[in-house]
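Engineer: Got a file for you: work.cif, mmCIF, C-alpha atoms and all ligand atoms.
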```cif
data_upload
#
loop_
_atom_site.label_atom_id
_atom_site.label_comp_id
_atom_site.auth_asym_id
_atom_site.auth_seq_id
_atom_site.Cartn_x
_atom_site.Cartn_y
_atom_site.Cartn_z
CA ASP O 808 -51.52 16.81 -2.83
CA TRP O 809 -53.18 16.71 0.57
CA THR O 810 -56.59 15.38 -0.50
CA MET O 811 -54.97 12.54 -2.45
CA LYS O 812 -52.72 11.67 0.51
CA SER O 813 -55.74 11.29 2.77
CA TYR O 814 -57.62 9.44 0.01
CA ILE O 815 -54.77 6.93 -0.09
CA VAL O 816 -54.83 6.47 3.70
CA GLU O 817 -58.58 5.88 3.69
CA GLU O 818 -58.45 3.59 0.67
CA VAL O 819 -55.67 1.47 2.21
CA LYS O 820 -57.87 0.96 5.29
CA ARG O 821 -60.90 0.11 3.18
CA ILE O 822 -58.95 -2.40 1.07
CA HIS O 823 -57.55 -4.11 4.18
CA LYS O 824 -61.02 -4.40 5.59
CA GLN O 825 -62.40 -5.79 2.34
CA VAL O 826 -59.77 -8.38 1.44
CA GLY O 827 -58.14 -9.29 4.76
CA LYS O 828 -55.40 -11.85 4.12
CA SER O 829 -56.75 -13.01 0.74
CA LYS O 830 -54.88 -12.75 -2.48
CA VAL O 831 -56.08 -10.30 -5.12
CA LEU O 832 -55.70 -10.88 -8.83
CA CYS O 833 -55.09 -8.09 -11.30
CA ALA O 834 -55.29 -8.11 -15.09
CA LEU O 835 -52.58 -5.57 -15.78
CA SER O 836 -52.72 -3.95 -19.22
CA GLY O 837 -50.16 -1.19 -18.86
CA GLY O 838 -52.90 1.43 -19.33
CA VAL O 839 -53.33 4.27 -16.87
CA ASP O 840 -56.25 2.85 -14.94
CA SER O 841 -55.14 -0.73 -14.43
CA SER O 842 -51.63 0.45 -13.57
CA VAL O 843 -52.72 2.97 -10.94
CA ALA O 844 -55.22 0.49 -9.49
CA ALA O 845 -52.47 -2.14 -9.22
CA VAL O 846 -50.01 0.18 -7.49
CA MET O 847 -52.77 1.33 -5.12
CA LEU O 848 -53.43 -2.27 -4.16
CA TYR O 849 -49.74 -3.00 -3.85
CA LYS O 850 -49.46 -0.09 -1.44
CA ALA O 851 -52.25 -1.62 0.64
CA ILE O 852 -51.51 -5.35 0.53
CA GLY O 853 -48.05 -5.79 -1.03
CA LYS O 854 -47.33 -9.40 -1.92
CA GLN O 855 -50.98 -10.41 -1.68
CA LEU O 856 -51.40 -8.82 -5.09
CA ILE O 857 -50.78 -10.95 -8.17
CA CYS O 858 -50.69 -9.27 -11.56
CA VAL O 859 -51.21 -11.09 -14.82
CA TYR O 860 -50.25 -9.31 -18.04
CA VAL O 861 -51.41 -11.00 -21.22
CA ASP O 862 -49.06 -10.32 -24.11
CA HIS O 863 -51.54 -10.68 -26.98
CA GLY O 864 -49.25 -9.02 -29.49
CA LEU O 865 -51.74 -6.21 -30.17
CA GLN O 866 -50.01 -3.66 -27.96
CA LYS O 867 -47.81 -0.79 -29.01
CA LEU O 868 -44.19 -1.43 -29.94
CA GLY O 869 -42.14 -2.30 -26.85
CA GLU O 870 -45.14 -2.42 -24.51
CA THR O 871 -44.37 -5.75 -22.88
CA GLU O 872 -40.79 -4.68 -22.18
CA ARG O 873 -42.10 -1.41 -20.74
CA VAL O 874 -44.49 -3.23 -18.42
CA ARG O 875 -41.73 -5.60 -17.35
CA LYS O 876 -39.39 -2.70 -16.64
CA VAL O 877 -41.86 -0.53 -14.73
CA PHE O 878 -43.73 -3.19 -12.76
CA GLY O 879 -41.24 -6.04 -12.59
CA ARG O 880 -39.17 -4.13 -10.10
CA MET O 881 -42.16 -3.51 -7.85
CA PHE O 882 -44.09 -6.77 -8.08
CA GLY O 883 -41.19 -9.18 -8.60
CA LYS O 884 -42.43 -12.75 -9.02
CA ASN O 885 -46.00 -11.56 -8.57
CA LEU O 886 -45.94 -10.10 -12.06
CA ILE O 887 -46.83 -12.91 -14.44
CA ILE O 888 -46.34 -12.20 -18.13
CA VAL O 889 -48.22 -14.62 -20.35
CA SER O 890 -47.02 -14.99 -23.94
CA ALA O 891 -50.13 -15.43 -26.04
CA LYS O 892 -49.33 -13.82 -29.38
CA LYS O 893 -49.77 -17.02 -31.38
CA ILE O 894 -53.17 -17.95 -30.03
CA PHE O 895 -54.55 -14.44 -30.61
CA LEU O 896 -53.21 -14.36 -34.16
CA SER O 897 -54.61 -17.76 -34.98
CA LYS O 898 -58.06 -16.96 -33.55
CA LEU O 899 -58.13 -13.69 -35.50
CA LYS O 900 -57.05 -15.33 -38.75
CA GLY O 901 -59.38 -14.48 -41.61
CA ILE O 902 -61.53 -12.14 -39.46
CA THR O 903 -62.27 -8.74 -40.97
CA ASP O 904 -65.42 -7.57 -39.17
CA PRO O 905 -64.56 -5.07 -36.41
CA GLU O 906 -67.17 -6.27 -33.91
CA GLN O 907 -66.14 -9.87 -34.46
CA LYS O 908 -62.53 -8.89 -33.81
CA ARG O 909 -63.57 -7.34 -30.49
CA LYS O 910 -65.58 -10.41 -29.49
CA ILE O 911 -62.78 -12.81 -30.36
CA ILE O 912 -60.23 -10.72 -28.49
CA GLY O 913 -62.53 -10.53 -25.45
CA HIS O 914 -63.15 -14.29 -25.39
CA THR O 915 -59.55 -15.21 -26.06
CA PHE O 916 -58.39 -12.85 -23.35
CA ILE O 917 -60.67 -14.51 -20.81
CA GLU O 918 -59.58 -17.96 -21.99
CA VAL O 919 -55.87 -17.16 -21.64
CA PHE O 920 -56.30 -15.28 -18.38
CA ASP O 921 -58.49 -18.00 -16.90
CA GLY O 922 -55.96 -20.65 -17.91
CA GLU O 923 -53.30 -18.77 -15.98
CA VAL O 924 -55.50 -18.19 -12.95
CA LYS O 925 -56.30 -21.89 -12.68
CA LYS O 926 -52.62 -22.42 -11.85
CA LEU O 927 -52.88 -20.05 -8.89
CA LYS O 928 -54.56 -20.89 -5.61
CA GLY O 929 -56.55 -19.11 -2.94
CA ILE O 930 -57.62 -16.08 -4.91
CA ASN O 931 -61.02 -14.66 -4.05
CA PHE O 932 -60.74 -11.13 -5.32
CA LEU O 933 -60.30 -9.49 -8.68
CA LEU O 934 -58.93 -5.98 -9.00
CA GLN O 935 -60.67 -3.74 -11.50
CA GLY O 936 -59.47 -0.35 -12.61
CA THR O 937 -63.03 0.83 -13.18
CA ILE O 938 -63.18 4.61 -12.99
CA TYR O 939 -66.23 6.79 -12.42
CA SER O 940 -66.89 7.47 -16.11
CA ASP O 941 -66.83 3.71 -16.88
CA VAL O 942 -69.53 3.24 -14.27
CA ILE O 943 -71.69 5.89 -15.91
CA GLU O 944 -70.90 4.74 -19.44
CA SER O 945 -71.72 1.09 -18.85
CA VAL O 946 -75.08 2.10 -17.43
CA SER O 947 -75.86 4.15 -20.51
CA ILE O 948 -74.54 1.50 -22.91
CA LYS O 949 -76.68 -1.17 -21.26
CA GLY O 950 -79.69 1.13 -21.59
CA ALA O 951 -79.11 1.69 -25.30
CA LYS O 952 -80.69 -0.56 -27.92
CA SER O 953 -77.51 -1.13 -29.85
CA PRO O 954 -74.15 0.06 -28.64
CA ILE O 955 -72.24 1.67 -31.49
CA LYS O 956 -69.14 -0.30 -30.66
CA SER O 957 -68.91 -2.96 -27.97
CA HIS O 958 -66.20 -1.68 -25.67
CA HIS O 959 -63.97 -4.39 -24.35
CA ASN O 960 -62.52 -3.57 -20.96
CA VAL O 961 -62.09 -7.01 -19.45
CA GLY O 962 -65.86 -6.62 -19.11
CA GLY O 963 -66.83 -10.28 -18.96
CA LEU O 964 -64.23 -11.34 -16.44
CA PRO O 965 -65.87 -11.08 -13.00
CA GLU O 966 -69.04 -13.10 -13.73
CA LYS O 967 -67.06 -15.91 -15.29
CA MET O 968 -64.51 -16.08 -12.51
CA LYS O 969 -66.77 -15.94 -9.48
CA MET O 970 -64.57 -13.46 -7.70
CA LYS O 971 -65.43 -10.42 -5.68
CA LEU O 972 -64.37 -7.10 -7.12
CA VAL O 973 -61.95 -4.63 -5.62
CA GLU O 974 -62.37 -1.23 -7.28
CA PRO O 975 -60.11 1.42 -5.78
CA LEU O 976 -60.78 3.97 -8.56
CA ARG O 977 -64.55 3.66 -8.71
CA PHE O 978 -65.19 7.20 -7.51
CA LEU O 979 -62.38 8.96 -9.33
CA PHE O 980 -62.37 10.86 -12.59
CA LYS O 981 -59.54 10.32 -15.06
CA ASP O 982 -57.58 13.41 -13.98
CA GLU O 983 -57.87 12.31 -10.35
CA VAL O 984 -56.59 8.86 -11.28
CA ARG O 985 -53.50 10.57 -12.71
CA VAL O 986 -53.00 12.63 -9.55
CA LEU O 987 -53.35 9.48 -7.45
CA GLY O 988 -50.86 7.66 -9.68
CA LYS O 989 -48.31 10.44 -9.35
CA GLU O 990 -48.76 10.46 -5.59
CA LEU O 991 -48.14 6.69 -5.60
CA GLY O 992 -44.98 7.10 -7.67
CA VAL O 993 -46.21 5.58 -10.92
CA PRO O 994 -43.83 6.92 -13.61
CA SER O 995 -44.95 9.52 -16.12
CA GLU O 996 -44.42 7.17 -19.07
CA ILE O 997 -47.45 5.27 -17.74
CA ILE O 998 -49.51 8.05 -16.14
CA ASP O 999 -49.39 10.59 -18.94
CA ARG O 1000 -50.29 8.27 -21.77
CA GLN O 1001 -52.97 8.91 -24.28
CA PRO O 1002 -55.94 6.51 -24.09
CA PHE O 1003 -55.42 3.21 -25.89
CA PRO O 1004 -58.30 0.88 -26.79
CA GLY O 1005 -58.60 -2.56 -25.15
CA PRO O 1006 -58.52 -4.44 -28.48
CA GLY O 1007 -55.39 -2.47 -29.27
CA LEU O 1008 -53.86 -2.50 -32.71
CA ALA O 1009 -56.39 -5.09 -33.90
CA ILE O 1010 -58.90 -2.32 -34.63
CA ARG O 1011 -56.20 -0.23 -36.31
CA THR O 1012 -55.21 -3.07 -38.62
CA LEU O 1013 -58.04 -2.79 -41.08
CA GLY O 1014 -59.18 -5.94 -42.78
CA GLU O 1015 -57.51 -9.22 -41.85
CA ILE O 1016 -54.91 -9.08 -39.11
CA THR O 1017 -51.65 -10.61 -40.24
CA LYS O 1018 -48.29 -10.64 -38.52
CA GLU O 1019 -46.86 -8.62 -41.41
CA LYS O 1020 -49.48 -5.86 -41.19
CA LEU O 1021 -49.24 -5.75 -37.39
CA ASN O 1022 -45.48 -5.34 -37.50
CA ILE O 1023 -45.69 -2.59 -40.10
CA LEU O 1024 -48.31 -0.81 -38.01
CA LYS O 1025 -46.24 -1.05 -34.82
CA GLU O 1026 -43.24 0.56 -36.50
CA ALA O 1027 -45.31 3.28 -38.15
CA ASP O 1028 -47.25 4.01 -34.96
CA ASN O 1029 -44.02 4.26 -33.00
CA ILE O 1030 -42.75 6.89 -35.43
CA VAL O 1031 -45.97 8.89 -35.01
CA THR O 1032 -45.59 8.81 -31.23
CA GLU O 1033 -41.90 9.71 -31.34
CA GLU O 1034 -42.47 12.70 -33.61
CA ILE O 1035 -45.52 13.94 -31.69
CA ILE O 1036 -43.47 13.77 -28.46
CA LYS O 1037 -40.53 15.52 -30.11
CA ALA O 1038 -42.84 18.31 -31.26
CA GLY O 1039 -44.00 18.75 -27.66
CA LEU O 1040 -47.57 17.83 -28.59
CA TYR O 1041 -48.10 14.41 -27.02
CA GLU O 1042 -49.75 15.60 -23.84
CA LYS O 1043 -51.75 18.28 -25.63
CA ILE O 1044 -53.46 15.80 -27.95
CA TRP O 1045 -56.18 13.38 -26.86
CA GLN O 1046 -55.05 10.59 -29.16
CA SER O 1047 -52.56 10.37 -32.01
CA PHE O 1048 -51.78 7.15 -33.81
CA ALA O 1049 -51.35 5.24 -37.06
CA ILE O 1050 -53.71 2.90 -38.88
CA ILE O 1051 -52.78 0.39 -41.57
CA LEU O 1052 -55.22 0.19 -44.47
CA PRO O 1053 -56.13 -3.09 -46.17
CA VAL O 1054 -55.04 -1.86 -49.58
CA LYS O 1055 -51.77 -1.53 -51.40
CA THR O 1056 -51.03 1.31 -53.77
CA VAL O 1057 -48.47 1.90 -56.47
CA GLY O 1058 -45.34 3.90 -55.79
CA VAL O 1059 -41.94 4.42 -57.27
CA MET O 1060 -38.50 3.87 -55.81
CA GLY O 1061 -35.41 4.63 -57.86
CA ASP O 1062 -36.55 3.41 -61.26
CA ALA O 1063 -38.68 0.57 -59.95
CA ARG O 1064 -42.39 0.39 -59.33
CA THR O 1065 -43.47 -0.51 -55.79
CA TYR O 1066 -46.78 -1.88 -54.56
CA GLU O 1067 -47.10 -1.45 -50.79
CA TYR O 1068 -49.43 -0.66 -47.89
CA VAL O 1069 -50.94 2.73 -47.01
CA ILE O 1070 -50.60 4.16 -43.52
CA ALA O 1071 -53.19 6.62 -42.23
CA ILE O 1072 -52.43 9.06 -39.44
CA ARG O 1073 -55.11 10.14 -36.98
CA ALA O 1074 -54.81 12.87 -34.34
CA VAL O 1075 -57.83 14.17 -32.45
CA ASN O 1076 -58.67 16.42 -29.58
CA SER O 1077 -61.54 15.59 -27.29
CA GLU O 1078 -62.90 16.10 -23.80
CA ASP O 1079 -64.52 12.73 -23.26
CA ALA O 1080 -64.18 10.76 -26.54
CA MET O 1081 -67.88 11.32 -27.30
CA THR O 1082 -67.03 14.05 -29.79
CA ALA O 1083 -63.63 14.84 -31.28
CA ASP O 1084 -61.98 17.34 -33.60
CA TRP O 1085 -59.15 16.41 -35.93
CA VAL O 1086 -55.98 18.22 -34.97
CA LYS O 1087 -54.45 20.68 -37.39
CA LEU O 1088 -50.92 19.30 -37.07
CA PRO O 1089 -48.24 21.52 -38.60
CA TYR O 1090 -47.40 20.59 -42.19
CA GLU O 1091 -43.70 20.26 -41.31
CA LEU O 1092 -44.55 17.67 -38.66
CA LEU O 1093 -46.83 15.72 -41.01
CA SER O 1094 -44.11 15.84 -43.62
CA LYS O 1095 -41.52 14.51 -41.16
CA ILE O 1096 -43.81 11.70 -40.05
CA SER O 1097 -44.63 10.77 -43.64
CA SER O 1098 -41.06 10.65 -44.87
CA ARG O 1099 -39.87 8.75 -41.82
CA ILE O 1100 -42.58 6.11 -42.19
CA ILE O 1101 -42.02 5.62 -45.91
CA ASN O 1102 -38.23 5.55 -45.55
CA GLU O 1103 -37.97 3.50 -42.37
CA VAL O 1104 -40.90 1.10 -42.47
CA LYS O 1105 -40.49 -1.58 -45.09
CA GLY O 1106 -43.78 -2.44 -46.76
CA THR O 1107 -45.23 1.08 -46.91
CA ASN O 1108 -45.09 3.63 -49.71
CA ARG O 1109 -47.89 6.10 -48.90
CA VAL O 1110 -49.12 8.08 -45.89
CA VAL O 1111 -52.48 9.88 -45.65
CA TYR O 1112 -53.92 12.14 -42.95
CA ASP O 1113 -57.43 11.68 -41.55
CA ILE O 1114 -59.26 15.03 -41.46
CA SER O 1115 -62.61 13.85 -40.09
CA ASP O 1116 -64.35 14.99 -36.93
CA LYS O 1117 -66.41 12.78 -34.62
CA PRO O 1118 -69.29 12.67 -35.34
CA PRO O 1119 -69.82 11.56 -38.02
CA ALA O 1120 -66.50 9.64 -38.06
CA THR O 1121 -65.39 7.79 -34.93
CA ILE O 1122 -61.94 8.17 -33.42
CA GLU O 1123 -60.91 4.63 -34.32
CA TRP O 1124 -61.39 3.39 -37.86
CA GLU O 1125 -63.09 0.18 -36.76
P1 LIG O 1201 -64.56 5.73 -31.04
O1 LIG O 1201 -63.76 5.03 -32.08
O2 LIG O 1201 -65.83 4.99 -30.69
O3 LIG O 1201 -63.66 5.68 -29.72
O4 LIG O 1201 -64.80 7.17 -31.34
C1 LIG O 1201 -63.94 6.41 -28.56
C2 LIG O 1201 -62.84 6.10 -27.58
O5 LIG O 1201 -62.91 4.75 -27.16
C3 LIG O 1201 -61.75 4.05 -27.54
N1 LIG O 1201 -62.23 2.75 -28.04
C4 LIG O 1201 -62.18 1.63 -27.32
N2 LIG O 1201 -61.71 1.40 -26.08
N3 LIG O 1201 -62.33 -0.84 -26.30
C5 LIG O 1201 -61.78 0.16 -25.58
O6 LIG O 1201 -61.35 -0.10 -24.46
C6 LIG O 1201 -62.83 -0.69 -27.56
O7 LIG O 1201 -63.32 -1.62 -28.19
C7 LIG O 1201 -62.74 0.63 -28.08
N4 LIG O 1201 -63.15 1.18 -29.27
C8 LIG O 1201 -62.80 2.48 -29.21
C9 LIG O 1201 -61.07 4.89 -28.59
O8 LIG O 1201 -59.66 4.66 -28.60
C10 LIG O 1201 -61.44 6.29 -28.14
O9 LIG O 1201 -60.61 6.74 -27.09
#
```
Will you turn the file into structure tokens for me?
Ligand code: XMP
Structural biologist:
Amino acid sequence: DWTMKSYIVEEVKRIHKQVGKSKVLCALSGGVDSSVAAVMLYKAIGKQLICVYVDHGLQKLGETERVRKVFGRMFGKNLIIVSAKKIFLSKLKGITDPEQKRKIIGHTFIEVFDGEVKKLKGINFLLQGTIYSDVIESVSIKGAKSPIKSHHNVGGLPEKMKMKLVEPLRFLFKDEVRVLGKELGVPSEIIDRQPFPGPGLAIRTLGEITKEKLNILKEADNIVTEEIIKAGLYEKIWQSFAIILPVKTVGVMGDARTYEYVIAIRAVNSEDAMTADWVKLPYELLSKISSRIINEVKGTNRVVYDISDKPPATIEWE
């Protein structure tokens, strides 16, 4: 793509001019935006870029290994993976309110990230994968009296850390970010992902977040993704995922009664996440997903399908 090639050339020049010989810090999440932003910076300043990935345990199954595989090769020692599962779980213990979950995750993220950054020296810049729609959205959210959900996108970081921002995606739309990523050689398993919320599986683990529920959800969600990919639908759907409900229901296995968790499946199509339609997944696919989850994921005995549009429902359940 010619326009992207020249965009890269211009952006490399601009980044050089902005940061000079300074180091730039990146909070890498594995999502499309932070990943493309990181690789863009790497292209411009190589080893001056330091990426910190916080493993909070709320990511999809295998996410940390995926990040290590994809970015470890490129960034080498400059990819720092922080194990923080325990602290996140303990701070979230007993918390059921969705907004409180978001706040705790936001604060804990900053705390863990900041703790890591204190060990590093000479960093004056922070990379942010802000894209054009984030810029617009944050303006409109700030203008609103009460945001419907407080979106956590490492939002509080820059003020707290007294660093200047580097924002190589600020003027790009999501589809342009993907084109840029492809041009930079970011693999499809990162570029072509469905959106994933900052607070991750915490807002898909309804009620209290426990290690048990999280693990069940990860397995169930992974089955949903596998089957949606197998059906050739992954890239045609805006978001498809599993939710674990905070109730157990009665089932039967052999001649014994079971009492296990319920998994809900959600699949929606959308242009911009402001409105969304539930996807009419084929019955055979739903049936496959259901039987796989109930057979393969210990601790579940029932699967339900969410058939609500947004509005009035939201895409996430919390
Ligand atoms: P809702 O549930 O509000 O979601 O219809 C709209 C889109 O935003 C994502 N989402 C979030 N993303 N932090 C994020 O970074 C959040 O707290 C959050 N809540 C929802 C959701 O996945 C959907 O794409």
Engineer: Using atom CA of O:Ser1094 and atom CA of O:Val1111 as the two end points, give the distance in Å to one decimal.
Structural biologist: 10.5 Å
Engineer: Which of these, O:Lys925, O:Lys1025, O:Lys971, O:Lys910, has the shortest distance to ligand LIG 1201 (chain O) once you count all atoms listed in the file?
Structural biologist: O:Lys910
Engineer: Show me, as JSON, numbers by chain, the residues that have an atom within 8 Å of stretch 888-903 of chain O when counting only C-alpha atoms, minus same-chain residues fewer than 4 positions from it.
Structural biologist: {"O": [859, 860, 861, 862, 863, 864, 907, 908, 911, 912, 915, 919, 923, 1013, 1014, 1015, 1016, 1017, 1018]}
Engineer: Find the nearest atom pair between each residue of stretch 843-914 of chain O and stretch 813-821 of chain O for residues within 10 Å, count only C-alpha atoms, give distances in Å to one decimal, sort rows by chain and ascending number, and present the table as a Markdown table.
Structural biologist:
```
| residue | atom | partner | partner_atom | distance |
| --- | --- | --- | --- | --- |
| O:Met847 | CA | O:Ile815 | CA | 7.8 |
| O:Leu848 | CA | O:Val819 | CA | 7.7 |
| O:Tyr849 | CA | O:Val819 | CA | 9.6 |
| O:Lys850 | CA | O:Val819 | CA | 7.4 |
| O:Ala851 | CA | O:Val819 | CA | 4.9 |
| O:Ile852 | CA | O:Val819 | CA | 8.2 |
```
Engineer: Taking all atoms listed in the file into account, which of O:Pro1119, O:Gly992, O:Pro1053, O:Gly1106 comes nearest ligand LIG 1201 (chain O)?
Structural biologist: O:Pro1119
Engineer: Closest to O:Gly837 among O:Phe932, O:Phe920, O:Trp1045, O:Phe878, using all atoms listed in the file?
Structural biologist: O:Phe878
Engineer: May I ask for the distance between atom CA of O:Ile1044 and atom CA of O:Leu1008, given in Å to one decimal place?
Structural biologist: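 Going from atom CA of O:Ile1044 over to atom CA of O:Leu1008 covers 18.9 Å.
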Engineer: Can you list, as a PyMOL selection string, every protein, DNA or RNA residue that comes within 12 Å of O:Val843 when you count all atoms listed in the file, leaving out same-chain residues fewer than 4 positions away?
Structural biologist: chain O and resi 815+833+835-839+847-850+878+934-938+974-976+979+981-995+997-999
Engineer: To one decimal place in Å, what is the distance between atom CA of O:Leu1088 and atom CA of O:Glu1019?
Structural biologist: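 Value for the atom CA of O:Leu1088-atom CA of O:Glu1019 distance: 28.5 Å.
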Engineer: Which of these residues is nearest to O:Gly883, using only C-alpha atoms: O:Val973, O:Met1081, O:Asn1029, O:Ile857?
Structural biologist: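 That would be O:Ile857, the residue with the smallest distance to O:Gly883.
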Engineer: Extract, using all atoms listed in the file, all DNA, RNA and protein residues at most 12 Å from O:Leu927, discarding same-chain residues fewer than 2 positions from it, and format them as JSON, numbers by chain.
Structural biologist: {"O": [830, 831, 832, 856, 857, 858, 859, 885, 887, 920, 921, 922, 923, 924, 925, 929, 930, 931]}
Engineer: Some atoms are missing, so please complete stretch 844-864 of chain O with N, CA and C atoms and return it as an mmCIF file, in the coordinates of the input.
Structural biologist:
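For reference, part.cif as written:
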```cif
data_model
loop_
_atom_site.group_PDB
_atom_site.id
_atom_site.type_symbol
_atom_site.label_atom_id
_atom_site.label_comp_id
_atom_site.auth_asym_id
_atom_site.auth_seq_id
_atom_site.Cartn_x
_atom_site.Cartn_y
_atom_site.Cartn_z
ATOM 1 N N ALA O 844 -54.476 1.373 -10.399
ATOM 2 C CA ALA O 844 -55.220 0.490 -9.490
ATOM 3 C C ALA O 844 -54.269 -0.550 -8.888
ATOM 4 N N ALA O 845 -53.388 -1.113 -9.715
ATOM 5 C CA ALA O 845 -52.470 -2.140 -9.220
ATOM 6 C C ALA O 845 -51.510 -1.574 -8.170
ATOM 7 N N VAL O 846 -50.970 -0.399 -8.436
ATOM 8 C CA VAL O 846 -50.010 0.180 -7.490
ATOM 9 C C VAL O 846 -50.724 0.588 -6.185
ATOM 10 N N MET O 847 -51.958 1.026 -6.314
ATOM 11 C CA MET O 847 -52.770 1.330 -5.120
ATOM 12 C C MET O 847 -52.941 0.084 -4.261
ATOM 13 N N LEU O 848 -53.259 -1.016 -4.894
ATOM 14 C CA LEU O 848 -53.430 -2.270 -4.160
ATOM 15 C C LEU O 848 -52.124 -2.750 -3.557
ATOM 16 N N TYR O 849 -51.056 -2.580 -4.338
ATOM 17 C CA TYR O 849 -49.740 -3.000 -3.850
ATOM 18 C C TYR O 849 -49.383 -2.225 -2.585
ATOM 19 N N LYS O 850 -49.716 -0.942 -2.610
ATOM 20 C CA LYS O 850 -49.460 -0.090 -1.440
ATOM 21 C C LYS O 850 -50.218 -0.626 -0.213
ATOM 22 N N ALA O 851 -51.429 -1.135 -0.468
ATOM 23 C CA ALA O 851 -52.250 -1.620 0.640
ATOM 24 C C ALA O 851 -51.865 -3.022 1.084
ATOM 25 N N ILE O 852 -51.659 -3.946 0.134
ATOM 26 C CA ILE O 852 -51.510 -5.350 0.530
ATOM 27 C C ILE O 852 -50.230 -6.018 0.012
ATOM 28 N N GLY O 853 -49.364 -5.258 -0.625
ATOM 29 C CA GLY O 853 -48.050 -5.790 -1.030
ATOM 30 C C GLY O 853 -48.135 -7.106 -1.774
ATOM 31 N N LYS O 854 -47.464 -8.112 -1.227
ATOM 32 C CA LYS O 854 -47.330 -9.400 -1.920
ATOM 33 C C LYS O 854 -48.616 -10.208 -2.041
ATOM 34 N N GLN O 855 -49.700 -9.719 -1.472
ATOM 35 C CA GLN O 855 -50.980 -10.410 -1.680
ATOM 36 C C GLN O 855 -51.549 -10.121 -3.069
ATOM 37 N N LEU O 856 -50.923 -9.172 -3.751
ATOM 38 C CA LEU O 856 -51.400 -8.820 -5.090
ATOM 39 C C LEU O 856 -50.646 -9.604 -6.158
ATOM 40 N N ILE O 857 -51.409 -10.218 -7.070
ATOM 41 C CA ILE O 857 -50.780 -10.950 -8.170
ATOM 42 C C ILE O 857 -51.264 -10.356 -9.491
ATOM 43 N N CYS O 858 -50.323 -9.911 -10.300
ATOM 44 C CA CYS O 858 -50.690 -9.270 -11.560
ATOM 45 C C CYS O 858 -50.403 -10.179 -12.740
ATOM 46 N N VAL O 859 -51.392 -10.315 -13.609
ATOM 47 C CA VAL O 859 -51.210 -11.090 -14.820
ATOM 48 C C VAL O 859 -51.318 -10.147 -16.023
ATOM 49 N N TYR O 860 -50.269 -10.125 -16.819
ATOM 50 C CA TYR O 860 -50.250 -9.310 -18.040
ATOM 51 C C TYR O 860 -50.276 -10.263 -19.224
ATOM 52 N N VAL O 861 -51.295 -10.137 -20.044
ATOM 53 C CA VAL O 861 -51.410 -11.000 -21.220
ATOM 54 C C VAL O 861 -50.771 -10.294 -22.421
ATOM 55 N N ASP O 862 -49.710 -10.876 -22.921
ATOM 56 C CA ASP O 862 -49.060 -10.320 -24.110
ATOM 57 C C ASP O 862 -49.742 -10.895 -25.338
ATOM 58 N N HIS O 863 -50.768 -10.178 -25.845
ATOM 59 C CA HIS O 863 -51.540 -10.680 -26.980
ATOM 60 C C HIS O 863 -50.971 -10.212 -28.318
ATOM 61 N N GLY O 864 -49.910 -9.435 -28.242
ATOM 62 C CA GLY O 864 -49.250 -9.020 -29.490
ATOM 63 C C GLY O 864 -49.938 -7.846 -30.177
#
```
